[in-house]
file upload-v2.cif (mmCIF, C-alpha atoms)
data_input
loop_
_atom_site.group_PDB
_atom_site.id
_atom_site.type_symbol
_atom_site.label_atom_id
_atom_site.label_comp_id
_atom_site.auth_asym_id
_atom_site.auth_seq_id
_atom_site.Cartn_x
_atom_site.Cartn_y
_atom_site.Cartn_z
ATOM 1 C CA MET G 1205 -109.161 10.709 -17.948
ATOM 2 C CA LYS G 1206 -106.090 12.197 -16.173
ATOM 3 C CA ILE G 1207 -102.639 12.359 -17.683
ATOM 4 C CA ILE G 1208 -99.725 12.354 -15.278
ATOM 5 C CA ALA G 1209 -96.424 13.606 -16.622
ATOM 6 C CA ILE G 1210 -93.241 12.640 -14.793
ATOM 7 C CA ASN G 1211 -89.956 14.259 -15.598
ATOM 8 C CA ARG G 1212 -87.279 11.687 -16.527
ATOM 9 C CA LYS G 1213 -84.669 13.185 -14.197
ATOM 10 C CA TYR G 1214 -86.899 12.354 -11.201
ATOM 11 C CA ILE G 1215 -87.225 8.735 -12.340
ATOM 12 C CA VAL G 1216 -83.430 8.507 -12.693
ATOM 13 C CA MET G 1217 -82.903 10.028 -9.237
ATOM 14 C CA VAL G 1218 -85.374 7.622 -7.586
ATOM 15 C CA ALA G 1219 -83.815 4.652 -9.407
ATOM 16 C CA SER G 1220 -80.310 5.792 -8.357
ATOM 17 C CA VAL G 1221 -81.327 6.034 -4.703
ATOM 18 C CA PHE G 1222 -82.883 2.565 -4.917
ATOM 19 C CA VAL G 1223 -79.685 1.078 -6.436
ATOM 20 C CA ILE G 1224 -77.509 2.754 -3.782
ATOM 21 C CA CYS G 1225 -79.720 1.336 -1.027
ATOM 22 C CA LEU G 1226 -79.444 -2.164 -2.524
ATOM 23 C CA ILE G 1227 -75.639 -1.873 -2.721
ATOM 24 C CA GLY G 1228 -75.533 -0.649 0.885
ATOM 25 C CA LEU G 1229 -77.664 -3.563 2.097
ATOM 26 C CA ALA G 1230 -75.496 -6.060 0.190
ATOM 27 C CA GLY G 1231 -72.328 -4.505 1.644
ATOM 28 C CA PHE G 1232 -73.750 -4.544 5.158
ATOM 29 C CA SER G 1233 -74.756 -8.190 4.761
ATOM 30 C CA LEU G 1234 -71.253 -9.107 3.521
ATOM 31 C CA TRP G 1235 -69.631 -7.141 6.363
ATOM 32 C CA GLN G 1236 -71.671 -9.069 8.966
ATOM 33 C CA ASN G 1237 -70.639 -12.421 7.449
ATOM 34 C CA THR G 1238 -66.946 -11.432 7.412
ATOM 35 C CA ASP G 1239 -67.141 -10.250 11.024
ATOM 36 C CA ALA G 1240 -68.732 -13.540 12.100
ATOM 37 C CA SER G 1241 -65.950 -15.590 10.475
ATOM 38 C CA VAL G 1242 -63.273 -13.541 12.260
ATOM 39 C CA SER G 1243 -64.920 -13.967 15.671
ATOM 40 C CA LYS G 1244 -64.881 -17.774 15.317
ATOM 41 C CA ASN G 1245 -61.082 -17.749 15.134
ATOM 42 C CA SER G 1246 -60.688 -15.332 18.040
ATOM 43 C CA GLU G 1247 -62.596 -17.509 20.542
ATOM 44 C CA ALA G 1248 -59.553 -19.651 21.359
ATOM 45 C CA PRO G 1249 -56.434 -17.769 20.322
ATOM 46 C CA GLU G 1250 -53.084 -19.561 20.147
ATOM 47 C CA ILE G 1251 -51.462 -16.600 21.873
ATOM 48 C CA LYS G 1252 -53.605 -14.878 24.471
ATOM 49 C CA MET G 1253 -52.980 -11.262 25.510
ATOM 50 C CA LEU G 1254 -53.164 -11.266 29.293
ATOM 51 C CA GLY G 1255 -52.566 -7.591 29.893
ATOM 52 C CA VAL G 1256 -51.240 -4.251 28.726
ATOM 53 C CA SER G 1257 -49.493 -1.784 30.990
ATOM 54 C CA VAL G 1258 -48.201 1.710 30.327
ATOM 55 C CA GLU G 1259 -45.242 3.415 32.011
ATOM 56 C CA PRO G 1260 -45.738 5.998 33.387
ATOM 57 C CA ALA G 1261 -49.069 4.615 34.553
ATOM 58 C CA THR G 1262 -52.311 5.888 33.077
ATOM 59 C CA ILE G 1263 -54.812 7.785 35.199
ATOM 60 C CA THR G 1264 -58.568 7.189 34.953
ATOM 61 C CA LYS G 1265 -60.242 10.571 35.057
ATOM 62 C CA ASP G 1266 -63.224 12.522 33.713
ATOM 63 C CA LEU G 1267 -61.929 15.161 31.273
ATOM 64 C CA THR G 1268 -63.861 18.239 30.123
ATOM 65 C CA TYR G 1269 -62.993 20.193 26.989
ATOM 66 C CA GLY G 1270 -65.486 23.005 26.444
ATOM 67 C CA SER G 1271 -68.911 21.347 26.245
ATOM 68 C CA VAL G 1272 -67.499 17.815 25.725
ATOM 69 C CA THR G 1273 -66.881 15.535 28.730
ATOM 70 C CA LEU G 1274 -64.998 12.255 28.453
ATOM 71 C CA LYS G 1275 -66.134 10.028 31.342
ATOM 72 C CA GLY G 1276 -63.575 7.615 32.796
ATOM 73 C CA ALA G 1277 -60.903 8.396 30.197
ATOM 74 C CA GLN G 1278 -57.529 6.651 30.404
ATOM 75 C CA VAL G 1279 -55.050 9.557 30.487
ATOM 76 C CA ILE G 1280 -51.312 9.564 29.833
ATOM 77 C CA THR G 1281 -49.717 12.797 31.024
ATOM 78 C CA THR G 1282 -46.433 12.540 29.089
ATOM 79 C CA LYS G 1283 -45.671 12.726 25.376
ATOM 80 C CA THR G 1284 -43.347 9.687 25.518
ATOM 81 C CA PHE G 1285 -44.257 6.409 27.206
ATOM 82 C CA ASP G 1286 -43.520 2.671 27.291
ATOM 83 C CA LEU G 1287 -46.056 -0.079 26.564
ATOM 84 C CA ILE G 1288 -45.615 -3.587 27.992
ATOM 85 C CA VAL G 1289 -47.776 -6.449 26.678
ATOM 86 C CA THR G 1290 -48.047 -9.782 28.539
ATOM 87 C CA LEU G 1291 -48.674 -12.775 26.258
ATOM 88 C CA GLN G 1292 -49.369 -16.457 26.912
ATOM 89 C CA ASN G 1293 -48.955 -19.469 24.619
ATOM 90 C CA THR G 1294 -52.231 -21.408 25.020
ATOM 91 C CA THR G 1295 -51.128 -24.331 22.830
ATOM 92 C CA ALA G 1296 -49.036 -27.449 23.473
ATOM 93 C CA LYS G 1297 -46.401 -26.451 20.913
ATOM 94 C CA LYS G 1298 -43.285 -24.304 21.166
ATOM 95 C CA MET G 1299 -43.438 -21.098 19.109
ATOM 96 C CA THR G 1300 -40.402 -19.287 17.705
ATOM 97 C CA ASN G 1301 -39.913 -15.910 16.037
ATOM 98 C CA VAL G 1302 -43.382 -14.708 17.029
ATOM 99 C CA PRO G 1303 -44.106 -11.455 15.125
ATOM 100 C CA VAL G 1304 -45.562 -8.801 17.454
ATOM 101 C CA GLU G 1305 -46.607 -5.466 15.963
ATOM 102 C CA LEU G 1306 -47.590 -2.239 17.699
ATOM 103 C CA GLN G 1307 -49.653 0.355 15.835
ATOM 104 C CA VAL G 1308 -50.407 3.775 17.327
ATOM 105 C CA THR G 1309 -53.072 5.875 15.590
ATOM 106 C CA LEU G 1310 -54.393 9.336 16.409
ATOM 107 C CA LEU G 1311 -58.186 8.916 16.403
ATOM 108 C CA GLY G 1312 -59.875 11.081 13.825
ATOM 109 C CA ASP G 1313 -56.679 11.507 11.751
ATOM 110 C CA ASP G 1314 -55.686 8.338 9.917
ATOM 111 C CA THR G 1315 -52.651 10.091 8.429
ATOM 112 C CA LYS G 1316 -51.024 10.159 11.879
ATOM 113 C CA LYS G 1317 -49.996 6.573 12.439
ATOM 114 C CA ALA G 1318 -46.872 4.831 13.726
ATOM 115 C CA ILE G 1319 -46.056 1.123 13.448
ATOM 116 C CA ALA G 1320 -43.352 -0.617 15.479
ATOM 117 C CA PRO G 1321 -42.562 -4.241 14.599
ATOM 118 C CA GLY G 1322 -41.108 -6.649 17.142
ATOM 119 C CA THR G 1323 -40.291 -10.335 17.493
ATOM 120 C CA LEU G 1324 -40.545 -12.672 20.447
ATOM 121 C CA ALA G 1325 -37.714 -15.222 20.075
ATOM 122 C CA THR G 1326 -39.414 -18.211 21.739
ATOM 123 C CA LEU G 1327 -42.589 -18.963 23.621
ATOM 124 C CA GLU G 1328 -42.838 -22.353 25.308
ATOM 125 C CA PRO G 1329 -46.200 -24.186 25.661
ATOM 126 C CA GLY G 1330 -48.297 -22.560 28.404
ATOM 127 C CA ALA G 1331 -45.563 -20.002 29.141
ATOM 128 C CA THR G 1332 -46.036 -16.249 29.466
ATOM 129 C CA ALA G 1333 -43.763 -13.528 28.135
ATOM 130 C CA ARG G 1334 -43.593 -9.766 28.218
ATOM 131 C CA VAL G 1335 -42.920 -7.659 25.146
ATOM 132 C CA ALA G 1336 -41.912 -4.048 25.777
ATOM 133 C CA PHE G 1337 -42.171 -1.218 23.280
ATOM 134 C CA ARG G 1338 -40.016 1.625 24.626
ATOM 135 C CA LYS G 1339 -40.063 5.374 23.974
ATOM 136 C CA ILE G 1340 -43.347 5.556 22.060
ATOM 137 C CA ASN G 1341 -44.011 9.117 20.970
ATOM 138 C CA ALA G 1342 -47.562 10.441 21.288
ATOM 139 C CA LEU G 1343 -49.041 11.627 18.001
ATOM 140 C CA GLY G 1344 -51.106 14.393 19.579
ATOM 141 C CA ASP G 1345 -51.726 16.221 22.862
ATOM 142 C CA ALA G 1346 -55.101 17.515 24.084
ATOM 143 C CA MET G 1347 -53.253 20.193 26.110
ATOM 144 C CA GLY G 1348 -56.409 20.864 28.127
ATOM 145 C CA LYS G 1349 -58.135 22.347 25.061
ATOM 146 C CA SER G 1350 -59.329 19.706 22.577
ATOM 147 C CA ALA G 1351 -61.202 16.460 23.212
ATOM 148 C CA THR G 1352 -60.007 14.987 19.920
ATOM 149 C CA ALA G 1353 -56.414 16.225 19.639
ATOM 150 C CA GLY G 1354 -55.027 13.711 22.137
ATOM 151 C CA GLN G 1355 -57.181 10.594 21.620
ATOM 152 C CA HIS G 1356 -55.063 7.606 20.593
ATOM 153 C CA LEU G 1357 -55.751 4.003 19.652
ATOM 154 C CA ILE G 1358 -53.054 1.394 20.240
ATOM 155 C CA THR G 1359 -53.416 -1.929 18.451
ATOM 156 C CA VAL G 1360 -51.168 -4.852 19.377
ATOM 157 C CA ARG G 1361 -51.101 -7.636 16.779
ATOM 158 C CA ILE G 1362 -49.636 -11.113 16.793
ATOM 159 C CA ASN G 1363 -49.097 -11.962 13.133
ATOM 160 C CA PRO G 1364 -48.969 -15.533 11.791
ATOM 161 C CA ASN G 1365 -45.589 -17.187 11.253
ATOM 162 C CA LEU G 1366 -46.195 -20.758 10.075
ATOM 163 C CA GLU G 1367 -42.476 -21.663 10.231
ATOM 164 C CA GLY G 1368 -42.390 -20.579 13.877
ATOM 165 C CA GLY G 1369 -45.630 -22.375 14.804
ATOM 166 C CA VAL G 1370 -47.960 -19.338 14.907
ATOM 167 C CA GLU G 1371 -50.985 -20.053 12.709
ATOM 168 C CA GLN G 1372 -53.508 -17.463 13.982
ATOM 169 C CA ALA G 1373 -53.464 -13.701 14.029
ATOM 170 C CA THR G 1374 -54.493 -12.133 17.349
ATOM 171 C CA GLU G 1375 -55.246 -8.471 18.018
ATOM 172 C CA ALA G 1376 -56.111 -6.230 20.981
ATOM 173 C CA ASP G 1377 -56.954 -2.508 21.154
ATOM 174 C CA PHE G 1378 -56.317 0.053 23.882
ATOM 175 C CA ARG G 1379 -57.722 3.625 23.825
ATOM 176 C CA PHE G 1380 -56.320 6.537 25.786
ATOM 177 C CA THR G 1381 -55.950 10.312 25.787
ATOM 178 C CA VAL G 1382 -52.642 12.160 25.958
ATOM 179 C CA ASP G 1383 -53.041 15.408 27.890
ATOM 180 C CA SER G 1384 -49.841 16.921 29.262
ATOM 181 C CA THR G 1385 -51.797 19.483 31.338
ATOM 182 C CA VAL G 1386 -53.419 16.853 33.609
ATOM 183 C CA LYS G 1387 -51.825 16.764 37.049
ATOM 184 C CA VAL G 1388 -50.734 13.356 38.353
ATOM 185 C CA PRO G 1389 -52.004 12.628 41.895
ATOM 186 C CA ALA G 1390 -49.234 12.143 44.459
ATOM 187 C CA THR G 1391 -50.335 8.507 45.042
ATOM 188 C CA VAL G 1392 -49.608 7.603 41.393
ATOM 189 C CA LYS G 1393 -46.174 9.233 41.079
ATOM 190 C CA LYS G 1394 -43.084 6.992 41.136
ATOM 191 C CA GLN G 1395 -40.950 7.174 44.241
#
call {"tool": "encode", "arguments": {"input": "upload-v2.cif", "output": "structure tokens"}}
result
Amino acid sequence: MKIIAINRKYIVMVASVFVICLIGLAGFSLWQNTDASVSKNSEAPEIKMLGVSVEPATITKDLTYGSVTLKGAQVITTKTFDLIVTLQNTTAKKMTNVPVELQVTLLGDDTKKAIAPGTLATLEPGATARVAFRKINALGDAMGKSATAGQHLITVRINPNLEGGVEQATEADFRFTVDSTVKVPATVKKQ
């Protein structure tokens, strides 16, 4: 007959790991269900985002910082820029006081964030409108040295306003890198 002795601390550690795995699986399962319910609403948005443009224009370029290469990065070469969003009312109802919000975040540093609220006075059925956010300050600059120091995420949100006829929230993201050392090709410069 063999006697096997197991130290209690090992049983507690194994049980703890098992409980953490169960909690993780339950959280992952809940996250997938929440994500699926959001995507149902976003299939036919009330207000569709047709396009986003940046002034001065972005440049698509491969950037190399040490051993890291960013392929096809959208680059802004100035520390201040304008963002213009084109929206379309896809419903048959007139919308008023449409809340439009711009959020700029420095990727990798959630403490560096700027939010600019805006309002679109009216949006007729089927009509398009442009909302401009002027003089946006970059939150970081790669300066030719760091792949992460200049990476930004812009999120444009249409928030619900039931009194104005907006029932759904809509959101779009745009990623780019600010690097003031990148040279703008002569074909892109304004005349």
call {"tool": "residues_near_point", "arguments": {"input": "upload-v2.cif", "point": "(-46.2, -13.2, 14.2)", "cutoff": "9 Å", "atoms": "all atoms listed in the file", "output": "list in words"}}
result
Asn1301, Val1302, Pro1303, Val1304, Glu1305, Gly1322, Thr1323, Leu1324, Arg1361, Ile1362, Asn1363, Pro1364, Asn1365, Leu1366, Gly1368, Val1370, Glu1371, Gln1372, Ala1373 and Thr1374 of chain G
call {"tool": "residues_near_point", "arguments": {"input": "upload-v2.cif", "point": "(-46.5, -1.2, 15.5)", "cutoff": "6 Å", "atoms": "all atoms listed in the file", "output": "PyMOL selection string"}}
result
chain G and resi 1305-1307+1319-1321
call {"tool": "residues_around", "arguments": {"input": "upload-v2.cif", "residues": "segment 1263-1270 of chain G", "least_positions_apart": "4", "cutoff": "6 Å", "atoms": "all atoms listed in the file", "output": "list in words"}}
result
Leu1274, Lys1275, Gly1276, Ala1277, Gln1278, Val1279, Lys1349, Ser1350 and Ala1351 of chain G
call {"tool": "resolve_selection", "arguments": {"input": "upload-v2.cif", "expression": "the PyMOL selection byres ((chain G and resi 1332-1338) around 8)", "output": "list in words"}}
result
Phe1285, Asp1286, Leu1287, Ile1288, Val1289, Thr1290, Leu1291, Gln1292, Asn1293, Leu1306, Ala1320, Leu1324, Leu1327, Gly1330, Ala1331, Lys1339 and Ile1340 of chain G
call {"tool": "atom_distance", "arguments": {"input": "upload-v2.cif", "atom1": "atom CA of Val1308 of chain G", "atom2": "atom CA of Thr1352 of chain G"}}
result
15.0 Å
call {"tool": "closest_residue", "arguments": {"input": "upload-v2.cif", "among": "G:Ala1342, G:Val1388, G:Val1216, G:Met1299", "to": "Pro1329 of chain G", "atoms": "only C-alpha atoms"}}
result
G:Met1299
call {"tool": "atom_distance", "arguments": {"input": "upload-v2.cif", "atom1": "atom CA of Glu1328 of chain G", "atom2": "atom CA of Lys1298 of chain G"}}
result
4.6 Å
call {"tool": "axis_aligned_box", "arguments": {"input": "upload-v2.cif", "around": "segment 1331-1345 of chain G", "padding_each_side": "4 Å", "output": "lines of an AutoDock Vina configuration file"}}
result
center_x = -45.9
center_y = -1.9
center_z = 23.7
size_x = 19.7
size_y = 44.2
size_z = 19.5
call {"tool": "closest_residue", "arguments": {"input": "upload-v2.cif", "among": "G:Ile1227, G:Ala1376, G:Val1258, G:Met1253", "to": "Ile1280 of chain G", "atoms": "all atoms listed in the file"}}
result
G:Val1258
call {"tool": "closest_residue", "arguments": {"input": "upload-v2.cif", "among": "G:Leu1343, G:Cys1225, G:Glu1259, G:Val1272", "to": "Asp1314 of chain G", "atoms": "all atoms listed in the file"}}
result
G:Leu1343
call {"tool": "atom_distance", "arguments": {"input": "upload-v2.cif", "atom1": "atom CA of Lys1297 of chain G", "atom2": "atom CA of Val1256 of chain G"}}
result
24.0 Å
call {"tool": "closest_residue", "arguments": {"input": "upload-v2.cif", "among": "G:Lys1316, G:Pro1260, G:Leu1311, G:Asp1377", "to": "Lys1283 of chain G", "atoms": "all atoms listed in the file"}}
result
G:Pro1260
